[in-house]
Structure formats: C-alpha cells, structure tokens
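Working notes for the structure below.
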Amino acid sequence: MSKFNQAIYEIQNLDTISKEDKWVNHIHPLIKLFLTVYYIGLVVSFQKYDLEGLCGMCIYPIFVFIIGELSWKEAIYRLRIVLPLVCIVGILNPFFDTNSIAEIGGIAISGGVVSMVTLMIKGIFCILAGYLLIATTSIEEICYGLRKIHIPKIMVTQILLIYRYIFLLLWETKRITQAYALRAPGQKGIHIKAWGPLVGQLLLRSMDRAQEVYESMCIRGFQGEFFIRKRNEKVKGEFIYFIAFLIILLICRIYPIFEVIGGFFL
Amino acid sequence: MSHIHIDVENLIYAYEKDHQVLKDISFFAEEHDAIGVVGANGAGKSTLLKLLVGLDLNFKGSIRVEEIPLEKETLGKIRERMGYVFQDSEAQLFMTTVEEDVAFAPRNYGLSEGEVEKRVTYALEKVHIEHLRKKPIYKMSGGEKKLASIATILSMTPDIILMDEPSVALDPKNRRNLINILNEFDHLKIIASHDLDFIMDTCNRVILLDGGEIVESGSTDEILKNEELLEMHGLELPLSLYRK
C-alpha cells in the first residue's frame with residue numbers, strides 16, 4: 001500500500017472506530033472532552049521528580065482502552081511518529097541534572113534521568129488521552145461538544161472543514177502520485193524536477209475540489225455554520241463515569257497510588 | 001394556486017469578457033417536465049445547470065423560479081426548492097456517513113431532529129438505499145454514491161431536480177436502477193447529459209445546445225431520432241436506435 005493510501009486508510013479507519021456502537025462511544029462528547037482536558041491538566045501538573053505519583057495516572061488510559069475495546073498495538077502503531085518526538089523531550093536532562101536522588105540495586109539514579117522519564121511519560125499520557133478522545137468520539141461530536149461550551153462557531157466550523165479537506169488533499173495527492181508513478185516505471189519516489197509542477201497541480205486540483213464541495217454545501221443551505229446532530233439520548237451511567245473519574249484522577253494526583261497500594265503488602 | 005416552473009429568458013453568460021459560454025438562452029419548464037439538456041462536450045450544459053441553481057450570479061438575462069427572480073436576495077428561497085446533483089458524487093458527499101450527508105440540508109434549514117430523521121428516512125427509501133444509512137461514504141461503490149447524492153437533495157423535498165451527467169461512471173445495472181428511480185419522481189427534472197440513451201429513457205423534452213446556443217428544442221423523439229440534426233451538432237443517434 002502506498003504511503004498516501006496508508007494515510008487515507010488510517011484516518012478513515014480511526015473515523016470508523018470513533019463511530020462504533022460501544023458504550024464509551026455513546027457517552028456525551030462534553031464529558032469525554034472535559035475528562036481529557038482535566039486528565040491532561042492533572043498529568044502536566046506533576047513535579048519533575050514525581051515519577052511514582054505520575055505512574056498512577058495510567059489508570060485512565062488503561063480503563064478507556066478496556067471499555068472501548070481498543071487495541072494497544074494499533075494505538076502505538078498510529079502514534080509511531082509522535083511518540084519518538086515526545087521521548088526526545090528532556091533527553092538532555094541527564095546531562096544537566098547529575099545529582100543522585102535514588103538508588104536501584106546499588107546504581108545511583110540522577111535527577112536528570114528521573115525528570116527525563118517523567119517528561120516522557122507525561123507526553124505519552126497526554127498523547128494517549130488525545131488519541132482515546134478521537135478514537136471514541138467522532139469529529140462531529142467533538143465539535144458539538146465544543147459548541148456546547150460556546151467555542152465560537154467560526155472556529156468549530158474551521159475544525160470540521162479542515163478535517164474534511166484533509167481527505168480531499170490526500171486523495172488528490174494520491175491521484176497525482178499514482179499518475180506520475182505509472183509514467184515513471186522503476187523510479188523510486190518523485191524526481192526533484194517534477195516537484196514544482198506536481199505541487200502546483202496539487203494546489204489547483206485541491207482548490208477545484210474544495211470549491212465543488214463548498215458549492216455542494218451552499219446548495220444545501222449552508223450559511224457558515226455546521227449544524228451537528230443534537231443529542232437527545234442519555235447514556236446509562238455516563239454521569240457516574242464522569243464523577244467517578246473526576247474523583248479517581250484527583251485521588252491519583254494527590255496520593256501516589258502505587259506507593260499506597262504497595263504499603264499494604266509491606 | 002401557482003405551480004412550479006422555471007422561466008429562463010435571454011440568458012447570457014461569459015467566463016471571460018470576449019468568450020460567451022451561453023448565448024441568449026430562453027426556455028420555459030413546468031411542473032412534471034423532464035427536460036434533457038444535450039450537446040457535445042463544451043456546449044454549455046453544466047454551466048447552464050450551475051446558473052439555474054445560482055452557483056454564479058454574474059449572468060445577463062433572467063432566470064425566474066415560480067415568478068421569483070434568481071438573485072442574491074432570493075437565493076436561499078430558490079435553493080430550498082431546487083436540488084442539484086453534481087456530476088462527481090465525491091464532490092457532493094462530504095460528510096462521513098450517508099445518514100449525516102443526507103441530514104445536512106434539513107439541519108441547515110433549521111428542522112427539528114425528529115423532522116430531520118423523517119426526511120432522511122424518506123430520502124433513503126425513495127432511492128432504495130435504506131440499508132446504506134450508516135455506511136461510511138468512502139466504503140461505497142460509484143453506483144451507491146450516485147444514489148446517495150440524489151438522496152442528499154431529496155431530503156430537501158425539492159420541487160425541481162437538476163442533474164449533471166448522472167449516468168457517468170455507472171455500470172449497466174446501476175444505470176438502469178437510476179433510470180427507474182428517476183422515472184418514479186414526478187418533480188420537474190432537468191438532466192444535462194451526452195448519454196442520449198439515458199435522456200431517451202428519462203426525459204420527455206430535449207434542449208439541444210451547441211456552442212452555448214439552443215439550436216433545437218422539442219420532444220425527445222423529435223430531436224433524438226433526427227440523425228442529421230444530431231450529427232450536425234457533434235452527437236450521434238442513441239445506441240438503442242441503432243439496434244432497432
């Protein structure tokens with residue numbers, strides 16, 4: 001599968017997953033949106049050496065992965081480009097902060113190493129929280145949630161349109177690169193001399209497609225705002241889920257949960 | 001009570017100053033008419049349809065839909081009564097699922113969710129694709145996409161349906177299915193196509209365009225069986241007539 005096909009497939013697949021008929025998919029988008037922001041806020045608020053406290057925050061992604069029946073493997077595969085970047089953050093910490101703050105099996109662990117790992121885990125948790133939100137909530141529902149909290153309609157419409165146009169851009173890129181590949185057998189990639197005309201073509205074609213889509217929207221009464229399906233259904237247990245996670249995550253933030261649990265066994 | 005009609009008078013349109021794409025077009029279409037707009041490539045068929053639905057208002061002459069002149073102020077009111085099906089279904093369908101796409105217009109017109117639901121069901125039933133309701137657009141075949149495109153405009157309950165090259169990219173079975181569905185509609189239909197067999201099966205009147213002008217208009221039989229006329233304007237007799 002070509003890179004563009006792969007990209008299109010992955011976005012479409014994520015879109016399909018977000019619309020699945022599972023309990024977590026039906027929870028009000030505002031609850032999921034708020035919990036995600038709350039979770040990220042709590043995660044980033046940990047001190048740089050508070051690794052054991054931070055580890056307790058793994059409870060939220062683990063729970064959502066389980067109830068959403070989501071695949072860890074797929075998540076890691078989808079986030080394969082972002083995760084290494086997150087891991088690079090703080091990579092220099094061990095060189096600047098060399099004070100030893102702990103010892104494992106006689107090996108001194110410097111503050112820099114702990115803060116580097118803490119930063120990495122913070123990044124991973126935040127990205128996973130974002131992924132879990134979009135894997136369980138469709139873009140329309142996320143935008144519906146944003147409108148509910150009075151985010152200006154122009155911003156919400158922009159988010160929706162950008163999402164739509166990403167597909168158009170990818171499709172056009174795929175078509176152009178396929179047409180090129182068919183007339184350049186045996187050539188790996190696109191020759192640098194062809195980049196200019198191809199990018200020009202891509203821009204013009206994408207604009208044409210975008211214009212057609214816009215015309216199609218106008219003909220069907222679009223006047224600057226996307227009207228998203230109003231939710232009438234109340235999902236059983238969604239409020240309990242919301243309150244429970246507000247409390248659980250707060251407890252995990254205040255108390256190093258693994259240390260407390262470990263204390264029972266010592 | 002007035003009945004639905006379109007009155008086009010002396011319509012002139014040019015993309016560039018010196019190059020007129022449509023020259024002095026006049027015709028009248030009334031309720032239950034099914035008009036085929038035929039002509040060779042570049043004759044101005046698609047442009048004419050786009051003007052009728054108000055996608056460009058920089059034309060000379062007049063377009064009136066049920067006595068309402070087509071202009072910026074009346075655009076919303078007129079578009080509520082007209083459905084336009086694009087040649088390329090990919091351009092028409094931009095939401096993620098069929099249901100969302102079909103519901104797009106009723107939601108824009110401020111209908112309640114209950115009414116939106118009813119309209120969606122009605123539109124999908126009309127084109128016999130209720131089973132595709134939840135299907136993601138990208139997983140659909142060309143024929144399914146065409147029917148879904150039609151459903152997106154039927155949910156507006158239009159009085160007039162405009163279609164640009166509806167039979168393009170359809171296999172024979174889907175093409176026949178589309179013809180049957182169109183023949184079930186009693187809307188005022190204007191169909192632009194160079195698939196003359198399709199026009200023969202769906203339209204009772206034909207407007208023949210060449211170089212942006214109406215060179216002939218009349219009943220479908222009268223025009224599409226006139227080999228000399230068709231060849232003079234870059235077309236050929238419908239294939240079904242050759243077989244006979």
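Residue numbering restarts at 1 in every chain; chains get A, B, ... in the order shown in the structure tokens, and ligands count up from 1 in that same order.
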
DSSP alpha helix (DSSP H) residues within chain B, listed as a PyMOL selection string = chain B and resi 45-52+75-81+89-92+98-108+113-126+142-154+172-184+196-202+220-224+227-232+239-243

query = Where in region 148-239 of chain B does DSSP assign strand (DSSP E), given as a ChimeraX atom specification?
reply = /B:160-164,188-192,205-210,213-219

request  = Name all residues at most 9 Å from region 122-124 of chain B (count only C-alpha atoms; drop same-chain ones fewer than 6 positions away) and give them as a ChimeraX atom specification.
outcome  = /B:99,102,130-133,147-148,150-157

Would you write out, as JSON lines, a table of all residues in chain A that have an atom no more than 6 Å from an atom of chain B, listing for each the closest atom pair and the distance in Å to one decimal, considering only C-alpha atoms and ordering rows by chain and rising residue number?
{"residue": "A:Glu212", "atom": "CA", "partner": "B:Ala91", "partner_atom": "CA", "distance": 5.6}
{"residue": "A:Val213", "atom": "CA", "partner": "B:Ala91", "partner_atom": "CA", "distance": 4.9}
{"residue": "A:Ser216", "atom": "CA", "partner": "B:Gln92", "partner_atom": "CA", "distance": 5.5}
{"residue": "A:Arg220", "atom": "CA", "partner": "B:Ala105", "partner_atom": "CA", "distance": 4.8}
{"residue": "A:Gly221", "atom": "CA", "partner": "B:Asn108", "partner_atom": "CA", "distance": 5.4}
{"residue": "A:Phe222", "atom": "CA", "partner": "B:Asn108", "partner_atom": "CA", "distance": 6.0}
{"residue": "A:Phe227", "atom": "CA", "partner": "B:Arg107", "partner_atom": "CA", "distance": 6.0}

Keeping N, CA, C and O atoms, export the residues of the selection given above as a PDB file, in the first residue's frame.
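Output file again_13.pdb is given in full below:
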ATOM      1  N   GLU A 212     -15.858  22.744  -5.294  1.00  0.00           N
ATOM      2  CA  GLU A 212     -17.048  21.925  -5.577  1.00  0.00           C
ATOM      3  C   GLU A 212     -17.755  21.509  -4.282  1.00  0.00           C
ATOM      4  O   GLU A 212     -18.980  21.552  -4.198  1.00  0.00           O
ATOM      5  N   VAL A 213     -16.958  21.113  -3.308  1.00  0.00           N
ATOM      6  CA  VAL A 213     -17.545  20.713  -2.028  1.00  0.00           C
ATOM      7  C   VAL A 213     -18.275  21.903  -1.403  1.00  0.00           C
ATOM      8  O   VAL A 213     -19.396  21.782  -0.902  1.00  0.00           O
ATOM      9  N   SER A 216     -21.475  22.467  -3.159  1.00  0.00           N
ATOM     10  CA  SER A 216     -22.436  21.455  -2.755  1.00  0.00           C
ATOM     11  C   SER A 216     -23.046  21.803  -1.396  1.00  0.00           C
ATOM     12  O   SER A 216     -24.232  21.589  -1.152  1.00  0.00           O
ATOM     13  N   ARG A 220     -27.086  23.229  -0.464  1.00  0.00           N
ATOM     14  CA  ARG A 220     -27.911  22.561   0.553  1.00  0.00           C
ATOM     15  C   ARG A 220     -28.069  23.411   1.817  1.00  0.00           C
ATOM     16  O   ARG A 220     -28.155  22.921   2.922  1.00  0.00           O
ATOM     17  N   GLY A 221     -28.065  24.711   1.592  1.00  0.00           N
ATOM     18  CA  GLY A 221     -28.454  25.620   2.669  1.00  0.00           C
ATOM     19  C   GLY A 221     -27.362  26.016   3.649  1.00  0.00           C
ATOM     20  O   GLY A 221     -27.653  26.619   4.680  1.00  0.00           O
ATOM     21  N   PHE A 222     -26.092  25.697   3.363  1.00  0.00           N
ATOM     22  CA  PHE A 222     -25.008  26.055   4.277  1.00  0.00           C
ATOM     23  C   PHE A 222     -24.831  27.575   4.307  1.00  0.00           C
ATOM     24  O   PHE A 222     -24.717  28.208   3.271  1.00  0.00           O
ATOM     25  N   PHE A 227     -24.415  22.474  11.305  1.00  0.00           N
ATOM     26  CA  PHE A 227     -25.347  22.075  12.353  1.00  0.00           C
ATOM     27  C   PHE A 227     -25.139  20.599  12.618  1.00  0.00           C
ATOM     28  O   PHE A 227     -25.276  19.779  11.715  1.00  0.00           O
TER      29      PHE A 227
END

inquiry  = Applying 10 Å and only C-alpha atoms, which residues near Gln20 (chain B) remain after dropping the ones on its own chain fewer than 3 positions away? List them as a ChimeraX atom specification.
reply    = /B:12-17,23-24,44,211-213
